[in-house]
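I have placed the structure first, in the form of structure tokens, so that the comments after it can refer back to it.
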Amino acid sequence: MNLMKYKRFFMLVAVAAMLVSIAAWAVKGLNFGIEFTGGTSIRYPLDQKVTSTEVWTALNTPEIQALDLELSPPQPYSYFDAESGTQKHGVLIQTRFINQEEEEQILKALGAAFGPLAADSALQINQVEPIIGKEMLLNAMYAVIIAWVLMLIYIAIRFEFRSGVVSLVALIHDVLIIIGVFALLGKEVNMNFIAAALTIIGYSINNTIVIFDRVRENLRLKKRTDTYDEVVNLSLLQSLRRCLNTAVTTVLAVLVLYLVGSPAIRDFMFALIIGLTVGTYSSAFLATPLWAIWKTAGEKGSTGRLAVAKGE
Amino acid sequence: MQRDLRRKTWFILILVVVVGVYAILPIFNPTLKQWFFRGSDPIRRGLDLKGGIEIILAPDYRVEKRVLSDLETYVQKAVAGLGIAQPAVSLLGKANDNNRYEGLAVQFASAAEAREVLAAGVIKSNLTWRSGIEEKKLKLEIGVDQGDPSVLKVAVQEDPDNFPADALAQAKAIIENRINSSGLAETVVRLDQTKGRIEVQLPGVRSQAEAERLLKSTGRLNFRLDGKIVMYGDDLEEAKADFDPQTGAPVINLRFGRAGAKLFEQITTEHVGEILAIYLDEEMLMAPKIAEPIPNGEPQIRMGSGATIQDAKDYAVLMQAGALPISLRSVMVTQVAPTLGTETVKLSLFAGIIGIILVFLFMILAYGRMGVVADLALVIYTVLVLGAIAVFRGVLTLPGIAGLILGIGMAVDANVIIFERIKDEVRMGRGIHSALEAGFDRAYVTILDANITTLIAAVVLYCFGSGPVKGFAVTLSVSILASMFTALFVSKTFLTIWVNKAPNRFLAKYMVRG
């Protein structure tokens, strides 16, 4: 089987996916959580399902209006609690960074409208100063960039510079797509999203290296007449089963967590499922063919031309 | 060879038993928990999984209203010098927030006037404000309001140099004392020196009000004569409510350290008969009159008529608590209900176990007997990772769980790489023994390169990331190391033993499947 026959198609798919993601990102923007924008988010548990308007009305008291809280529309949510076997409800309320008295006012108004909170209720409150939020996002981004540069150096030493660069391209592809999906679905980008993105980066680079390791080994056995496309094709075929098996097992574990796990981690697991799939694809069908094309073009010798001729 | 294998098997067995007894058994056995971890969980859960409150405190460099009103006069004067009509000045920032404001908003008659004032540079960017013993270096930042060009925004902050360099470290120590005296378990008070922040974790605490009670106050105690600060409470060693032995009325006994006692003596000597008001930040607690000079640094405050011993106690607590060298404000609060945390853990654990069982089944389906070996290695991997987290007193958070999942993926992956290699070698016509050796040798380099690359990322994330990212990096690093060990050492040992026992059956199984 000659996978490299479809290399253009593989790369086209990857590039198209990246472009769609960038477009979604540009058009719809990202729904940053308060961890990065600053503000307050309150997850208030409720006994029954409510509508956004009901909560809005409950919070529309003169005292709360006077506080100028910059309320965004309340978002009701429900989830199935496997332990008690019941459906649970709640509402997410987001405001600016508030102080303790303001928080108490909100909780009081909600309690008045929907009944007081039980002692063991699942209330969750997050508050972040805008400056801290920006700093956390920047910190995470710096960390990722430094990690990328160091990985590039390591790969350049152990393999070659080209491998490092195309590995990075694959990582950028993965991160872009996960950003695109989140932009498209309007899902919240928060600290858990960052953790998911980091996991995907770790997984994808691991995958890419395993394939490049095969390529490196096959290059040593390479005959003069073999083209890089042929070497890459062989390596891909050899490592495909391993890639698939590993992807299946990992996605399996994550999928169960997504389906059965707590609602707090659902978006997180969703990001992982997308990312693991995309990461497997980019390692095999973006980084590796890209490397072959670059390598062939780089040598410009008879092997290079032969490669193109043979590939088509 | 045979003896070597036996030794390796014993080593693995002992390692697993030791780690298991240390890190896993205590989860189920309270006695062991008490022995090894003084009663706390072997694997501590982060606040997101346990419930509680995390507060990050930062120095409050904003300035008080009384400073800003002097500043307003300064601005008015400066503007008058340019021959511009008196602007309307208001405070920037929310009222009721530590009684401090971000600065001034100066409203001019027109945008042109605002621009003129800005261009003339009559409002300096560095000022020193003095009142009583207070001397504050202020930093001013002036800019045109984006919404209304006729308004100049003057952001005012205190220069951090106003405070001693170790003010935050002192504040941290004081807060630590307060929280420790509450008897709450597993609290964390951490100082981030580079960012200048104090991180406080209060597991099990249910509301901000409760947290505030524990922290008591983040303000700074000060003494004022005629509205001017003459002394700070930093040197207050003790404030205690008591009954006056003669009258039986409630009193508060204070005790200052040496420097404070000296200053207090000087103030009380010079100002007998005057009111020495006691403030916590900008809030007045009480206003006792100086009855006589107090030389020993141990003043007694007699409460007003009608005051109870409880009132005296409340004030004493506030005064003692107020002895922070610097005012703090909370810049980040994360509050997770304890039930929510437990819910998350239970559900995730349940799902995690199902997930692992599925992975086990898949491995057996795909690799037969080698799959069983991989599963065994996976169990050992899990024990080792949990053990390492327990040994290093790591904290498991939600992102940390992600690190673990990735780790399981990598542990499986390492085994898959090895098995595929062995199959390749068998297909190329090698005997099972040499195929095993060659397969491991080849896989060795692959696994090393792949894992080191990921490890680099994990280490960088640990060094540069904050909070949750760090948690992720720790579990990921531990997982990578454990997965390399289990794949390259444990799997190899077990596989070799198995192959030695029944080489032909093993090979047959393979050829059929491969």
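Residues are referred to by chain and number: the chain letter is A, B, ... according to the order shown in the structure tokens, the number counts from 1 in that chain, and ligands are numbered separately from 1 in the order shown.
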
Dump as a Markdown table the rows for residues of chain B within 6 Å of chain A: closest atom pair and distance in Å with one decimal, only C-alpha atoms counted, ordered by chain and rising residue number.
```
| residue | atom | partner | partner_atom | distance |
| --- | --- | --- | --- | --- |
| B:Val331 | CA | A:Glu129 | CA | 5.0 |
| B:Met332 | CA | A:Val128 | CA | 4.3 |
| B:Val333 | CA | A:Gln127 | CA | 4.6 |
| B:Thr334 | CA | A:Asn126 | CA | 4.3 |
| B:Gln335 | CA | A:Ile125 | CA | 4.6 |
| B:Val336 | CA | A:Gln124 | CA | 4.5 |
| B:Ala337 | CA | A:Ala122 | CA | 5.0 |
| B:Thr339 | CA | A:Ala122 | CA | 5.6 |
| B:Leu340 | CA | A:Ala122 | CA | 4.7 |
| B:Thr344 | CA | A:Ser262 | CA | 5.0 |
| B:Leu347 | CA | A:Gly261 | CA | 4.9 |
| B:Ser348 | CA | A:Gly261 | CA | 4.8 |
| B:Ala351 | CA | A:Leu257 | CA | 5.0 |
| B:Gly355 | CA | A:Ala253 | CA | 4.2 |
| B:Val359 | CA | A:Thr249 | CA | 5.4 |
| B:Pro399 | CA | A:Ala195 | CA | 5.5 |
| B:Gly409 | CA | A:Thr250 | CA | 5.0 |
| B:Asp413 | CA | A:Thr246 | CA | 5.3 |
| B:Thr446 | CA | A:Val210 | CA | 5.9 |
| B:Ala450 | CA | A:Asn206 | CA | 4.8 |
| B:Thr453 | CA | A:Met151 | CA | 5.8 |
| B:Thr454 | CA | A:Gly202 | CA | 5.3 |
| B:Ala457 | CA | A:Ala147 | CA | 4.8 |
| B:Val460 | CA | A:Ala147 | CA | 5.6 |
| B:Leu461 | CA | A:Ala143 | CA | 5.5 |
| B:Phe464 | CA | A:Ala143 | CA | 5.3 |
| B:Gly465 | CA | A:Ala140 | CA | 5.6 |
```

Keeping only N, CA and C atoms, write the selected residues as a CSV table (one decimal), in the first residue's frame.
```
chain,number,residue,atom,x,y,z
B,331,VAL,N,-7.1,39.0,45.5
B,331,VAL,CA,-7.2,39.2,44.1
B,331,VAL,C,-7.8,38.0,43.4
B,332,MET,N,-7.9,36.9,44.1
B,332,MET,CA,-8.5,35.7,43.5
B,332,MET,C,-9.1,34.8,44.6
B,333,VAL,N,-10.3,34.4,44.4
B,333,VAL,CA,-11.0,33.6,45.3
B,333,VAL,C,-11.6,32.4,44.6
B,334,THR,N,-11.2,31.2,45.0
B,334,THR,CA,-11.9,30.0,44.3
B,334,THR,C,-12.6,29.3,45.5
B,335,GLN,N,-13.9,29.1,45.3
B,335,GLN,CA,-14.6,28.4,46.3
B,335,GLN,C,-15.4,27.2,45.7
B,336,VAL,N,-15.0,26.1,46.2
B,336,VAL,CA,-15.7,24.8,45.7
B,336,VAL,C,-16.4,24.2,46.9
B,337,ALA,N,-17.6,23.9,46.7
B,337,ALA,CA,-18.4,23.2,47.8
B,337,ALA,C,-17.8,21.8,48.0
B,339,THR,N,-19.1,19.1,48.8
B,339,THR,CA,-19.9,18.0,48.1
B,339,THR,C,-19.5,17.9,46.6
B,340,LEU,N,-19.4,19.1,46.0
B,340,LEU,CA,-19.1,19.1,44.6
B,340,LEU,C,-17.7,18.4,44.3
B,344,THR,N,-17.2,15.1,42.2
B,344,THR,CA,-16.3,15.0,41.0
B,344,THR,C,-15.3,13.8,41.2
B,347,LEU,N,-17.3,10.3,40.8
B,347,LEU,CA,-17.6,10.0,39.4
B,347,LEU,C,-16.4,9.7,38.6
B,348,SER,N,-15.4,10.5,38.8
B,348,SER,CA,-14.2,10.3,38.0
B,348,SER,C,-13.5,9.0,38.3
B,351,ALA,N,-15.6,6.3,36.7
B,351,ALA,CA,-15.3,6.3,35.2
B,351,ALA,C,-13.9,5.8,34.9
B,355,GLY,N,-12.8,2.8,32.6
B,355,GLY,CA,-11.9,3.0,31.5
B,355,GLY,C,-10.7,2.1,31.5
B,359,VAL,N,-9.4,-0.7,28.8
B,359,VAL,CA,-8.1,-0.7,28.2
B,359,VAL,C,-7.5,-2.1,28.4
B,399,PRO,N,-6.6,19.0,36.5
B,399,PRO,CA,-5.6,18.9,35.5
B,399,PRO,C,-4.6,17.8,35.8
B,409,GLY,N,-1.9,6.4,28.9
B,409,GLY,CA,-1.8,6.3,27.5
B,409,GLY,C,-0.4,5.9,27.1
B,413,ASP,N,1.2,2.7,25.5
B,413,ASP,CA,1.9,2.9,24.3
B,413,ASP,C,3.3,2.3,24.3
B,446,THR,N,13.3,4.2,20.9
B,446,THR,CA,12.1,4.9,20.6
B,446,THR,C,11.4,5.5,21.8
B,450,ALA,N,10.9,9.5,22.7
B,450,ALA,CA,9.5,10.0,22.8
B,450,ALA,C,9.2,10.5,24.2
B,453,THR,N,11.2,13.8,25.2
B,453,THR,CA,10.6,15.0,24.6
B,453,THR,C,9.4,15.5,25.4
B,454,THR,N,8.6,14.5,25.8
B,454,THR,CA,7.4,14.9,26.6
B,454,THR,C,7.8,15.4,28.0
B,457,ALA,N,8.8,19.0,28.0
B,457,ALA,CA,7.6,19.8,28.1
B,457,ALA,C,7.1,19.9,29.5
B,460,VAL,N,9.4,22.0,31.8
B,460,VAL,CA,9.2,23.5,31.5
B,460,VAL,C,7.9,24.0,32.1
B,461,LEU,N,6.8,23.2,31.9
B,461,LEU,CA,5.5,23.6,32.4
B,461,LEU,C,5.6,23.7,34.0
B,464,PHE,N,7.6,27.1,34.7
B,464,PHE,CA,7.1,28.4,34.3
B,464,PHE,C,5.6,28.5,34.5
B,465,GLY,N,4.9,27.4,34.7
B,465,GLY,CA,3.5,27.4,34.8
B,465,GLY,C,3.0,27.9,36.2
```

>> Taking only stretch 157-364 of chain B into account, list the residues labelled helix (DSSP H, G or I) by DSSP (computed from the backbone), as a count of residues only.
In response: 81

>> Could you list, as a list in words, every residue within 10 Å of B:Leu71, counting only C-alpha atoms and ignoring same-chain residues fewer than 3 positions away?
In response: Lys65, Arg66, Val67, Leu68, Tyr74, Val75, Gln76, Lys77, Gly103, Leu104, Leu127, Trp129 and Val156 of chain B

Would you write out those residues with C-alpha atoms, as a PDB file, in the first residue's frame?
```
ATOM      1  CA  LYS B  65      -9.744  58.519  50.751  1.00  0.00           C
ATOM      2  CA  ARG B  66      -7.953  60.919  53.110  1.00  0.00           C
ATOM      3  CA  VAL B  67      -4.872  60.805  50.917  1.00  0.00           C
ATOM      4  CA  LEU B  68      -6.895  61.306  47.775  1.00  0.00           C
ATOM      5  CA  TYR B  74      -3.078  69.438  44.772  1.00  0.00           C
ATOM      6  CA  VAL B  75      -4.699  68.821  41.391  1.00  0.00           C
ATOM      7  CA  GLN B  76      -7.026  71.807  41.774  1.00  0.00           C
ATOM      8  CA  LYS B  77      -4.057  74.042  42.590  1.00  0.00           C
ATOM      9  CA  GLY B 103      -7.356  57.272  42.085  1.00  0.00           C
ATOM     10  CA  LEU B 104      -9.184  60.361  40.853  1.00  0.00           C
ATOM     11  CA  LEU B 127       4.636  62.702  44.796  1.00  0.00           C
ATOM     12  CA  TRP B 129       2.381  62.688  50.866  1.00  0.00           C
ATOM     13  CA  VAL B 156      -2.724  56.586  42.182  1.00  0.00           C
TER      14      VAL B 156
END
```

> Which of stretch 79-176 of chain A counts as strand (DSSP E or B) under DSSP, as a PyMOL selection string please?
Replying inline: chain A and resi 79-81+86-95+124-128

> Restricting the calculation to only C-alpha atoms, which member of B:Met284, B:Leu328, B:Ala482, B:Ile252 is positioned closest to B:Gln310?
Replying inline: B:Ile252

> Contacts of stretch 377-393 of chain B at 7 Å or less, counting only C-alpha atoms, minus same-chain residues fewer than 3 places along, as number ranges by chain?
Replying inline: B: 16, 19-20, 23, 42-43, 373-374, 411, 478-479, 482-483, 486-487, 490-491

>> When you look at B:Ala114 with a cut-off of 12 Å (counting only C-alpha atoms), what residues show up, excluding the ones that are within fewer than 6 positions of it in the same chain? I need them as a PyMOL selection string.
In response: chain B and resi 79+82+84-88+105-108+120-123+142-145+148-154

With N, CA and C atoms retained, export the selected residues as an mmCIF file, in the first residue's frame.
```cif
data_model
loop_
_atom_site.group_PDB
_atom_site.id
_atom_site.type_symbol
_atom_site.label_atom_id
_atom_site.label_comp_id
_atom_site.auth_asym_id
_atom_site.auth_seq_id
_atom_site.Cartn_x
_atom_site.Cartn_y
_atom_site.Cartn_z
ATOM 1 N N VAL B 79 -4.110 72.926 38.412
ATOM 2 C CA VAL B 79 -4.950 73.326 37.292
ATOM 3 C C VAL B 79 -5.202 74.829 37.328
ATOM 4 N N LEU B 82 -2.840 77.081 35.644
ATOM 5 C CA LEU B 82 -2.905 77.183 34.182
ATOM 6 C C LEU B 82 -4.043 78.096 33.743
ATOM 7 N N ILE B 84 -7.274 77.500 34.234
ATOM 8 C CA ILE B 84 -8.423 76.729 33.748
ATOM 9 C C ILE B 84 -9.466 76.661 34.863
ATOM 10 N N ALA B 85 -10.730 76.690 34.463
ATOM 11 C CA ALA B 85 -11.812 76.665 35.450
ATOM 12 C C ALA B 85 -11.738 75.414 36.306
ATOM 13 N N GLN B 86 -12.186 75.552 37.556
ATOM 14 C CA GLN B 86 -12.085 74.440 38.501
ATOM 15 C C GLN B 86 -12.811 73.196 37.991
ATOM 16 N N PRO B 87 -12.091 72.062 37.850
ATOM 17 C CA PRO B 87 -12.745 70.839 37.382
ATOM 18 C C PRO B 87 -13.477 70.138 38.535
ATOM 19 N N ALA B 88 -14.404 69.233 38.174
ATOM 20 C CA ALA B 88 -15.071 68.405 39.182
ATOM 21 C C ALA B 88 -14.250 67.134 39.382
ATOM 22 N N ALA B 105 -10.877 60.845 39.196
ATOM 23 C CA ALA B 105 -11.342 61.191 37.863
ATOM 24 C C ALA B 105 -11.581 62.695 37.859
ATOM 25 N N VAL B 106 -10.904 63.386 36.963
ATOM 26 C CA VAL B 106 -11.009 64.847 36.942
ATOM 27 C C VAL B 106 -11.783 65.270 35.690
ATOM 28 N N GLN B 107 -12.940 65.866 35.912
ATOM 29 C CA GLN B 107 -13.825 66.224 34.801
ATOM 30 C C GLN B 107 -13.635 67.708 34.450
ATOM 31 N N PHE B 108 -13.141 67.960 33.226
ATOM 32 C CA PHE B 108 -12.955 69.339 32.777
ATOM 33 C C PHE B 108 -14.153 69.784 31.945
ATOM 34 N N ALA B 120 0.672 70.156 29.711
ATOM 35 C CA ALA B 120 1.454 71.057 30.560
ATOM 36 C C ALA B 120 2.263 70.278 31.603
ATOM 37 N N GLY B 121 1.838 69.060 31.888
ATOM 38 C CA GLY B 121 2.581 68.226 32.841
ATOM 39 C C GLY B 121 2.602 68.785 34.246
ATOM 40 N N VAL B 122 1.525 69.502 34.623
ATOM 41 C CA VAL B 122 1.526 70.091 35.959
ATOM 42 C C VAL B 122 1.243 69.059 37.045
ATOM 43 N N ILE B 123 0.645 67.921 36.655
ATOM 44 C CA ILE B 123 0.444 66.863 37.650
ATOM 45 C C ILE B 123 1.620 65.911 37.549
ATOM 46 N N ILE B 142 -1.316 59.434 34.661
ATOM 47 C CA ILE B 142 -2.387 60.295 34.160
ATOM 48 C C ILE B 142 -2.696 59.958 32.711
ATOM 49 N N GLY B 143 -3.978 59.834 32.398
ATOM 50 C CA GLY B 143 -4.353 59.555 31.017
ATOM 51 C C GLY B 143 -5.753 60.052 30.747
ATOM 52 N N VAL B 144 -6.045 60.277 29.458
ATOM 53 C CA VAL B 144 -7.386 60.715 29.083
ATOM 54 C C VAL B 144 -8.314 59.509 29.145
ATOM 55 N N ASP B 145 -9.500 59.713 29.715
ATOM 56 C CA ASP B 145 -10.487 58.634 29.784
ATOM 57 C C ASP B 145 -10.907 58.250 28.372
ATOM 58 N N ASP B 148 -14.654 59.329 27.674
ATOM 59 C CA ASP B 148 -14.985 60.752 27.698
ATOM 60 C C ASP B 148 -13.690 61.559 27.671
ATOM 61 N N PRO B 149 -13.370 62.171 26.536
ATOM 62 C CA PRO B 149 -12.071 62.857 26.405
ATOM 63 C C PRO B 149 -11.933 64.104 27.286
ATOM 64 N N SER B 150 -13.033 64.543 27.914
ATOM 65 C CA SER B 150 -12.881 65.711 28.785
ATOM 66 C C SER B 150 -12.549 65.295 30.229
ATOM 67 N N VAL B 151 -12.355 63.985 30.405
ATOM 68 C CA VAL B 151 -12.016 63.498 31.746
ATOM 69 C C VAL B 151 -10.576 62.991 31.760
ATOM 70 N N LEU B 152 -9.826 63.443 32.760
ATOM 71 C CA LEU B 152 -8.492 62.882 32.969
ATOM 72 C C LEU B 152 -8.580 61.886 34.108
ATOM 73 N N LYS B 153 -8.029 60.688 33.873
ATOM 74 C CA LYS B 153 -8.008 59.694 34.938
ATOM 75 C C LYS B 153 -6.633 59.733 35.589
ATOM 76 N N VAL B 154 -6.601 59.906 36.892
ATOM 77 C CA VAL B 154 -5.337 59.904 37.606
ATOM 78 C C VAL B 154 -5.305 58.653 38.485
#
```

List the neighbours of B:Arg329 out to 6 Å using only C-alpha atoms; skip same-chain residues closer than 6 positions along the sequence, and give me the result as a PDB file with N, CA and C atoms, in the first residue's frame.
```
ATOM      1  N   LEU B  57      -3.848  36.555  48.129  1.00  0.00           N
ATOM      2  CA  LEU B  57      -3.786  37.916  48.655  1.00  0.00           C
ATOM      3  C   LEU B  57      -2.607  38.643  48.041  1.00  0.00           C
ATOM      4  N   ALA B  58      -2.825  39.906  47.729  1.00  0.00           N
ATOM      5  CA  ALA B  58      -1.742  40.724  47.205  1.00  0.00           C
ATOM      6  C   ALA B  58      -1.723  42.011  48.010  1.00  0.00           C
ATOM      7  N   ASP B  60      -2.170  45.678  49.004  1.00  0.00           N
ATOM      8  CA  ASP B  60      -3.103  46.664  48.484  1.00  0.00           C
ATOM      9  C   ASP B  60      -2.366  47.995  48.376  1.00  0.00           C
TER      10      ASP B  60
END
```

>> With only C-alpha atoms as the counted atoms, please give the residues lying no more than 9 Å from B:Leu49, apart from itself and same-chain residues fewer than 2 positions off, as a VMD selection string.
In response: chain B and resid 45 to 47 51 336 338 340 to 345 396 to 398
